[in-house]
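Source file: structure30.tsv. Holds: TSV, C-alpha atoms.
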chain	number	residue	atom	x	y	z
A	26	MET	CA	4.15	12.26	17.79
A	27	ILE	CA	1.88	12.54	14.76
A	28	ALA	CA	-1.86	13.05	15.20
A	29	VAL	CA	-3.95	10.73	13.05
A	30	THR	CA	-7.72	11.18	12.86
A	31	LEU	CA	-10.04	8.81	11.07
A	32	TYR	CA	-13.25	10.48	9.90
A	33	CYS	CA	-15.87	7.97	8.88
A	34	ILE	CA	-19.51	7.97	7.96
A	35	GLY	CA	-21.54	5.62	10.11
A	36	SER	CA	-20.80	3.76	13.30
A	37	LEU	CA	-19.70	0.24	14.11
A	38	LYS	CA	-22.83	-1.62	15.10
A	39	GLU	CA	-21.49	-5.09	15.85
A	40	LYS	CA	-19.42	-5.72	18.96
A	41	TYR	CA	-16.75	-7.72	17.11
A	42	TRP	CA	-15.98	-4.78	14.77
A	43	ARG	CA	-15.74	-2.41	17.73
A	44	GLU	CA	-13.42	-4.82	19.55
A	45	ALA	CA	-11.18	-5.27	16.48
A	46	CYS	CA	-10.91	-1.51	15.99
A	47	GLY	CA	-10.35	-1.03	19.71
A	48	GLU	CA	-7.42	-3.43	19.64
A	49	TYR	CA	-5.70	-1.60	16.79
A	50	GLU	CA	-6.48	1.81	18.30
A	51	LYS	CA	-4.73	0.62	21.48
A	52	ARG	CA	-1.72	-0.59	19.49
A	53	LEU	CA	-1.54	2.65	17.50
A	54	GLY	CA	-1.12	4.55	20.78
A	55	ARG	CA	2.60	3.64	20.71
A	56	PHE	CA	3.08	5.55	17.47
A	57	CYS	CA	0.52	8.32	17.16
A	58	ARG	CA	-2.28	10.25	18.81
A	59	PHE	CA	-5.14	8.42	17.15
A	60	SER	CA	-8.78	9.40	17.23
A	61	CYS	CA	-11.84	8.30	15.34
A	62	VAL	CA	-14.70	10.63	14.49
A	63	GLU	CA	-17.89	8.87	13.47
A	64	LEU	CA	-20.30	11.08	11.54
A	65	GLU	CA	-23.97	10.36	10.98
A	66	GLU	CA	-24.81	8.82	7.64
A	67	TYR	CA	-27.43	10.47	5.48
A	68	ARG	CA	-30.61	8.40	5.52
A	69	LEU	CA	-31.66	7.26	2.06
A	70	PRO	CA	-34.71	5.26	0.98
A	71	ALA	CA	-34.32	1.54	0.23
A	72	GLU	CA	-33.98	2.19	-3.49
A	73	PRO	CA	-32.63	5.75	-3.83
A	74	SER	CA	-32.64	7.66	-7.10
A	75	PRO	CA	-29.36	9.04	-8.47
A	76	ALA	CA	-30.46	12.51	-7.31
A	77	GLN	CA	-31.10	11.22	-3.78
A	78	ILE	CA	-27.70	9.53	-3.73
A	79	GLN	CA	-26.04	12.76	-4.88
A	80	GLN	CA	-27.87	14.71	-2.15
A	81	GLY	CA	-26.69	12.16	0.43
A	82	LEU	CA	-23.08	12.42	-0.75
A	83	GLU	CA	-23.22	16.21	-0.58
A	84	GLU	CA	-24.68	16.21	2.95
A	85	GLU	CA	-22.17	13.66	4.21
A	86	GLY	CA	-19.39	15.64	2.51
A	87	LYS	CA	-20.45	18.80	4.35
A	88	ARG	CA	-20.37	16.90	7.65
A	89	ILE	CA	-16.88	15.60	6.93
A	90	LEU	CA	-15.45	18.90	5.72
A	91	SER	CA	-16.89	20.79	8.69
A	92	ARG	CA	-14.81	18.61	11.04
A	93	ILE	CA	-11.49	18.53	9.21
A	94	SER	CA	-8.97	21.11	10.37
A	95	PRO	CA	-7.21	23.25	7.74
A	96	LYS	CA	-3.94	21.97	9.25
A	97	GLU	CA	-4.72	18.32	8.50
A	98	THR	CA	-3.41	16.58	5.42
A	99	VAL	CA	-6.34	14.60	4.05
A	100	ALA	CA	-6.17	11.10	2.59
A	101	ALA	CA	-9.52	9.94	1.18
A	102	LEU	CA	-10.22	6.26	0.77
A	103	CYS	CA	-11.94	5.77	-2.56
A	104	ILE	CA	-12.08	3.15	-5.27
A	105	GLU	CA	-10.20	5.27	-7.79
A	106	GLY	CA	-7.41	5.96	-5.32
A	107	LYS	CA	-3.80	4.84	-5.42
A	108	LYS	CA	-2.88	1.42	-4.10
A	109	LEU	CA	0.10	1.34	-1.76
A	110	THR	CA	2.11	-1.53	-0.36
A	111	SER	CA	2.43	-1.70	3.41
A	112	PRO	CA	6.04	-0.42	3.27
A	113	GLN	CA	4.91	2.47	1.05
A	114	LEU	CA	2.21	3.34	3.59
A	115	GLY	CA	4.86	3.22	6.32
A	116	SER	CA	7.00	5.67	4.35
A	117	LEU	CA	4.01	7.95	3.84
A	118	LEU	CA	3.36	7.94	7.59
A	119	GLU	CA	7.00	8.76	8.30
A	120	GLU	CA	6.93	11.67	5.83
A	121	GLN	CA	3.62	12.93	7.20
A	122	ALA	CA	4.98	12.91	10.75
A	123	MET	CA	7.27	15.74	9.66
A	124	THR	CA	4.54	17.90	8.14
A	125	GLY	CA	1.60	17.74	10.55
A	126	PRO	CA	-1.60	15.92	11.41
A	127	LEU	CA	-3.13	13.34	9.09
A	128	ALA	CA	-6.85	12.92	8.41
A	129	LEU	CA	-8.06	9.69	6.85
A	130	VAL	CA	-11.60	9.67	5.47
A	131	ILE	CA	-13.93	6.72	4.83
A	132	GLY	CA	-17.23	7.68	3.23
A	133	GLY	CA	-20.63	6.06	3.38
A	134	SER	CA	-21.94	3.19	1.27
A	135	TYR	CA	-22.00	5.36	-1.86
A	136	GLY	CA	-18.51	6.75	-1.33
A	137	LEU	CA	-17.33	10.32	-0.90
A	138	SER	CA	-18.50	13.60	-2.35
A	139	PRO	CA	-16.38	15.26	-5.03
A	140	GLN	CA	-15.73	18.11	-2.56
A	141	VAL	CA	-14.11	15.73	-0.05
A	142	LYS	CA	-12.02	14.12	-2.77
A	143	GLU	CA	-10.90	17.56	-3.95
A	144	ARG	CA	-9.83	18.46	-0.40
A	145	ALA	CA	-7.72	15.31	-0.20
A	146	ARG	CA	-4.02	15.55	-0.96
A	147	LEU	CA	-4.01	11.81	-1.50
A	148	ARG	CA	-6.63	9.33	-2.61
A	149	LEU	CA	-6.05	5.78	-1.41
A	150	SER	CA	-7.63	2.51	-2.49
A	151	MET	CA	-7.37	-0.62	-0.38
A	152	SER	CA	-8.22	-2.96	-3.24
A	153	ASP	CA	-10.17	-3.37	-6.45
A	154	MET	CA	-12.56	-5.47	-4.38
A	155	THR	CA	-15.45	-4.02	-2.40
A	156	PHE	CA	-15.56	-4.43	1.38
A	157	PRO	CA	-18.17	-3.60	4.00
A	158	HIS	CA	-17.35	-0.25	5.61
A	159	GLN	CA	-16.88	-1.85	9.01
A	160	LEU	CA	-14.30	-4.27	7.64
A	161	ALA	CA	-12.58	-1.51	5.67
A	162	ARG	CA	-12.14	0.42	8.91
A	163	VAL	CA	-10.53	-2.57	10.64
A	164	MET	CA	-8.30	-3.18	7.62
A	165	LEU	CA	-7.21	0.45	7.52
A	166	LEU	CA	-6.35	0.47	11.23
A	167	GLU	CA	-4.39	-2.75	10.82
A	168	GLN	CA	-2.46	-1.27	7.89
A	169	LEU	CA	-1.71	1.89	9.86
A	170	TYR	CA	-0.33	-0.24	12.68
A	171	ARG	CA	1.67	-2.33	10.21
A	172	GLY	CA	3.04	0.81	8.54
A	173	PHE	CA	4.16	2.26	11.86
A	174	MET	CA	5.73	-1.07	12.84
A	175	ILE	CA	7.65	-1.22	9.56
A	176	GLN	CA	9.00	2.29	10.14
A	177	SER	CA	10.03	1.46	13.70
A	178	GLY	CA	11.84	-1.71	12.66
A	179	GLY	CA	9.35	-3.92	14.48
A	180	LYS	CA	8.89	-7.60	13.64
A	181	TYR	CA	5.14	-7.45	12.94
A	182	HIS	CA	5.50	-7.11	9.15
A	183	LYS	CA	6.44	-10.27	7.22

Before anything else, please render the file you have as structure tokens.
Amino acid sequence: MIAVTLYCIGSLKEKYWREACGEYEKRLGRFCRFSCVELEEYRLPAEPSPAQIQQGLEEEGKRILSRISPKETVAALCIEGKKLTSPQLGSLLEEQAMTGPLALVIGGSYGLSPQVKERARLRLSMSDMTFPHQLARVMLLEQLYRGFMIQSGGKYHK
């Protein structure tokens, strides 16, 4: 059974986001050993300068990279990433199950550091639209579940 770890900057503050993620985490248990690692976001002022934003990205990147195992294949979620259909994601999960653990990374509100993106074997984009990080996490978990269901021949995907 494949190990899938979601590394994300920040925590889910609202109960409804935690419940939604909890539901998909429970469902994912049929298909993988799923875990979520929440890492502290770098505190920035209300109107940060570009240099402050860069410093924040670097610090968050160090936190992420310090937790990722060398054995994990990294997929970074970023705006410039590749868009996949749900069946394509299912195929990626099936292929990854043969090669080792998968690490998915969601950055903070300013994205991911170049170092994290360089570590990633794959860069994924969920959409050209922008979503709150909490919603992006729920959407990613739902898509993981959908991808696993597609690969198992389940009836969830329409």

Closest atom pairs, residues of range 63-163 of chain A within 12 Å of range 39-59 of chain A, only C-alpha atoms, as CSV:
residue,atom,partner,partner_atom,distance
A:Gly115,CA,A:Phe56,CA,11.5
A:Leu118,CA,A:Cys57,CA,10.0
A:Glu119,CA,A:Phe56,CA,10.5
A:Gln121,CA,A:Cys57,CA,11.4
A:Ala122,CA,A:Cys57,CA,9.1
A:Gly125,CA,A:Cys57,CA,11.6
A:Pro126,CA,A:Arg58,CA,9.3
A:Leu127,CA,A:Phe59,CA,9.7
A:Ala128,CA,A:Phe59,CA,10.0
A:Leu129,CA,A:Phe59,CA,10.8
A:Pro157,CA,A:Trp42,CA,11.1
A:His158,CA,A:Trp42,CA,10.3
A:Gln159,CA,A:Trp42,CA,6.5
A:Leu160,CA,A:Trp42,CA,7.3
A:Ala161,CA,A:Trp42,CA,10.3
A:Arg162,CA,A:Cys46,CA,7.4
A:Val163,CA,A:Cys46,CA,5.5

Output the selection as a PDB file, keeping the file's coordinate frame - C-alpha atoms for each residue.
ATOM      1  CA  GLY A 115       4.860   3.220   6.320  1.00  0.00           C
ATOM      2  CA  LEU A 118       3.360   7.940   7.590  1.00  0.00           C
ATOM      3  CA  GLU A 119       7.000   8.760   8.300  1.00  0.00           C
ATOM      4  CA  GLN A 121       3.620  12.930   7.200  1.00  0.00           C
ATOM      5  CA  ALA A 122       4.980  12.910  10.750  1.00  0.00           C
ATOM      6  CA  GLY A 125       1.600  17.740  10.550  1.00  0.00           C
ATOM      7  CA  PRO A 126      -1.600  15.920  11.410  1.00  0.00           C
ATOM      8  CA  LEU A 127      -3.130  13.340   9.090  1.00  0.00           C
ATOM      9  CA  ALA A 128      -6.850  12.920   8.410  1.00  0.00           C
ATOM     10  CA  LEU A 129      -8.060   9.690   6.850  1.00  0.00           C
ATOM     11  CA  PRO A 157     -18.170  -3.600   4.000  1.00  0.00           C
ATOM     12  CA  HIS A 158     -17.350  -0.250   5.610  1.00  0.00           C
ATOM     13  CA  GLN A 159     -16.880  -1.850   9.010  1.00  0.00           C
ATOM     14  CA  LEU A 160     -14.300  -4.270   7.640  1.00  0.00           C
ATOM     15  CA  ALA A 161     -12.580  -1.510   5.670  1.00  0.00           C
ATOM     16  CA  ARG A 162     -12.140   0.420   8.910  1.00  0.00           C
ATOM     17  CA  VAL A 163     -10.530  -2.570  10.640  1.00  0.00           C
TER      18      VAL A 163
END

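Among the candidates A:Leu147, A:Met164, A:Cys103, A:Met123, the residue lying nearest to Ala28 in chain A is A:Met123 (atoms considered: only C-alpha atoms).
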
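For the choices A:Leu137, A:Met26, A:Leu165, A:Met174, the atom-to-atom distance to Glu83 in chain A is smallest for A:Leu137 when using all atoms listed in the file.
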
Separation of CA of Arg146 in chain A from CA of Glu167 in chain A in Å: 21.8 Å

So which residues are close to (-19.6, 16.8, 6.3), meaning at most 10 Å away in the file's coordinates with all atoms listed in the file counted, and can you show them as a PyMOL selection string? chain A and resi 32-34+64-66+82-93+132+137-138+140-141

Work out how far apart CA of Thr124 in chain A and CA of Pro95 in chain A are and give it in Å to one decimal. 12.9 Å

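CA of Pro73 in chain A to CA of Thr155 in chain A spans 19.8 Å [interatomic distance, one decimal].
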
Go through A:Gln80, A:Ser74, A:Ser60, A:Thr30 and flag the residue nearest Pro139 in chain A, using only C-alpha atoms for the distances. A:Gln80

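The list of residues with at least one atom within 7 Å of range 171-173 of chain A, based on all atoms listed in the file and without residues fewer than 3 positions apart in the same chain, reads Phe56, Ser111, Pro112, Leu114, Gly115, Glu167, Gln168, Gln176, Ser177, Tyr181 and His182 of chain A.
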
Please, could you write that set of residues out with C-alpha atoms as an mmCIF file, keeping the file's coordinate frame?
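What ended up in part_20.cif:
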data_model
loop_
_atom_site.group_PDB
_atom_site.id
_atom_site.type_symbol
_atom_site.label_atom_id
_atom_site.label_comp_id
_atom_site.auth_asym_id
_atom_site.auth_seq_id
_atom_site.Cartn_x
_atom_site.Cartn_y
_atom_site.Cartn_z
ATOM 1 C CA PHE A 56 3.080 5.550 17.470
ATOM 2 C CA SER A 111 2.430 -1.700 3.410
ATOM 3 C CA PRO A 112 6.040 -0.420 3.270
ATOM 4 C CA LEU A 114 2.210 3.340 3.590
ATOM 5 C CA GLY A 115 4.860 3.220 6.320
ATOM 6 C CA GLU A 167 -4.390 -2.750 10.820
ATOM 7 C CA GLN A 168 -2.460 -1.270 7.890
ATOM 8 C CA GLN A 176 9.000 2.290 10.140
ATOM 9 C CA SER A 177 10.030 1.460 13.700
ATOM 10 C CA TYR A 181 5.140 -7.450 12.940
ATOM 11 C CA HIS A 182 5.500 -7.110 9.150
#

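Of the residues listed (A:Glu105, A:Glu72, A:Glu120, A:Glu63), A:Glu105 shows the shortest atom-to-atom separation from Ser150 in chain A; distances use all atoms listed in the file.
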
Which protein, DNA or RNA residues are at most 12 Å from (-13.4, 3.4, -7.6) in the file's coordinates when you count only C-alpha atoms, listed as a PyMOL selection string? chain A and resi 101-108+135-137+142+148-155

Output requested as a JSON list (two decimals), in the frame of the given file - range 80-97 of chain A, filled out with N, CA, C and O atoms.
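So the final result, stored in selection_11.json, reads:
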[["chain", "number", "residue", "atom", "x", "y", "z"],
["A", 80, "GLN", "N", -27.54, 13.86, -3.31],
["A", 80, "GLN", "CA", -27.87, 14.71, -2.15],
["A", 80, "GLN", "C", -27.23, 14.14, -0.88],
["A", 80, "GLN", "O", -26.67, 14.88, -0.07],
["A", 81, "GLY", "N", -27.31, 12.81, -0.73],
["A", 81, "GLY", "CA", -26.69, 12.16, 0.43],
["A", 81, "GLY", "C", -25.19, 12.37, 0.46],
["A", 81, "GLY", "O", -24.61, 12.67, 1.52],
["A", 82, "LEU", "N", -24.53, 12.21, -0.68],
["A", 82, "LEU", "CA", -23.08, 12.42, -0.75],
["A", 82, "LEU", "C", -22.72, 13.85, -0.38],
["A", 82, "LEU", "O", -21.75, 14.08, 0.35],
["A", 83, "GLU", "N", -23.50, 14.81, -0.88],
["A", 83, "GLU", "CA", -23.22, 16.21, -0.58],
["A", 83, "GLU", "C", -23.38, 16.51, 0.91],
["A", 83, "GLU", "O", -22.55, 17.19, 1.51],
["A", 84, "GLU", "N", -24.44, 15.97, 1.52],
["A", 84, "GLU", "CA", -24.68, 16.21, 2.95],
["A", 84, "GLU", "C", -23.58, 15.56, 3.80],
["A", 84, "GLU", "O", -23.09, 16.17, 4.74],
["A", 85, "GLU", "N", -23.24, 14.32, 3.47],
["A", 85, "GLU", "CA", -22.17, 13.66, 4.21],
["A", 85, "GLU", "C", -20.85, 14.40, 4.01],
["A", 85, "GLU", "O", -20.06, 14.55, 4.95],
["A", 86, "GLY", "N", -20.60, 14.88, 2.79],
["A", 86, "GLY", "CA", -19.39, 15.64, 2.51],
["A", 86, "GLY", "C", -19.30, 16.90, 3.35],
["A", 86, "GLY", "O", -18.24, 17.24, 3.87],
["A", 87, "LYS", "N", -20.43, 17.60, 3.51],
["A", 87, "LYS", "CA", -20.45, 18.80, 4.35],
["A", 87, "LYS", "C", -20.12, 18.45, 5.79],
["A", 87, "LYS", "O", -19.39, 19.18, 6.46],
["A", 88, "ARG", "N", -20.65, 17.33, 6.27],
["A", 88, "ARG", "CA", -20.37, 16.90, 7.65],
["A", 88, "ARG", "C", -18.88, 16.61, 7.82],
["A", 88, "ARG", "O", -18.27, 16.98, 8.84],
["A", 89, "ILE", "N", -18.30, 15.94, 6.85],
["A", 89, "ILE", "CA", -16.88, 15.60, 6.93],
["A", 89, "ILE", "C", -16.03, 16.87, 6.90],
["A", 89, "ILE", "O", -15.17, 17.09, 7.76],
["A", 90, "LEU", "N", -16.27, 17.70, 5.91],
["A", 90, "LEU", "CA", -15.45, 18.90, 5.72],
["A", 90, "LEU", "C", -15.57, 19.88, 6.88],
["A", 90, "LEU", "O", -14.62, 20.60, 7.18],
["A", 91, "SER", "N", -16.72, 19.88, 7.55],
["A", 91, "SER", "CA", -16.89, 20.79, 8.69],
["A", 91, "SER", "C", -16.04, 20.36, 9.88],
["A", 91, "SER", "O", -15.76, 21.17, 10.77],
["A", 92, "ARG", "N", -15.59, 19.12, 9.91],
["A", 92, "ARG", "CA", -14.81, 18.61, 11.04],
["A", 92, "ARG", "C", -13.31, 18.61, 10.79],
["A", 92, "ARG", "O", -12.52, 18.58, 11.72],
["A", 93, "ILE", "N", -12.92, 18.60, 9.54],
["A", 93, "ILE", "CA", -11.49, 18.53, 9.21],
["A", 93, "ILE", "C", -10.84, 19.90, 9.43],
["A", 93, "ILE", "O", -11.35, 20.91, 8.96],
["A", 94, "SER", "N", -9.73, 19.88, 10.12],
["A", 94, "SER", "CA", -8.97, 21.11, 10.37],
["A", 94, "SER", "C", -8.19, 21.51, 9.11],
["A", 94, "SER", "O", -7.71, 20.63, 8.38],
["A", 95, "PRO", "N", -8.04, 22.80, 8.88],
["A", 95, "PRO", "CA", -7.21, 23.25, 7.74],
["A", 95, "PRO", "C", -5.77, 22.76, 7.85],
["A", 95, "PRO", "O", -5.07, 22.66, 6.84],
["A", 96, "LYS", "N", -5.31, 22.43, 9.05],
["A", 96, "LYS", "CA", -3.94, 21.97, 9.25],
["A", 96, "LYS", "C", -3.74, 20.50, 8.89],
["A", 96, "LYS", "O", -2.60, 20.05, 8.77],
["A", 97, "GLU", "N", -4.83, 19.75, 8.77],
["A", 97, "GLU", "CA", -4.72, 18.32, 8.50],
["A", 97, "GLU", "C", -4.48, 18.04, 7.02],
["A", 97, "GLU", "O", -5.11, 18.64, 6.16]]
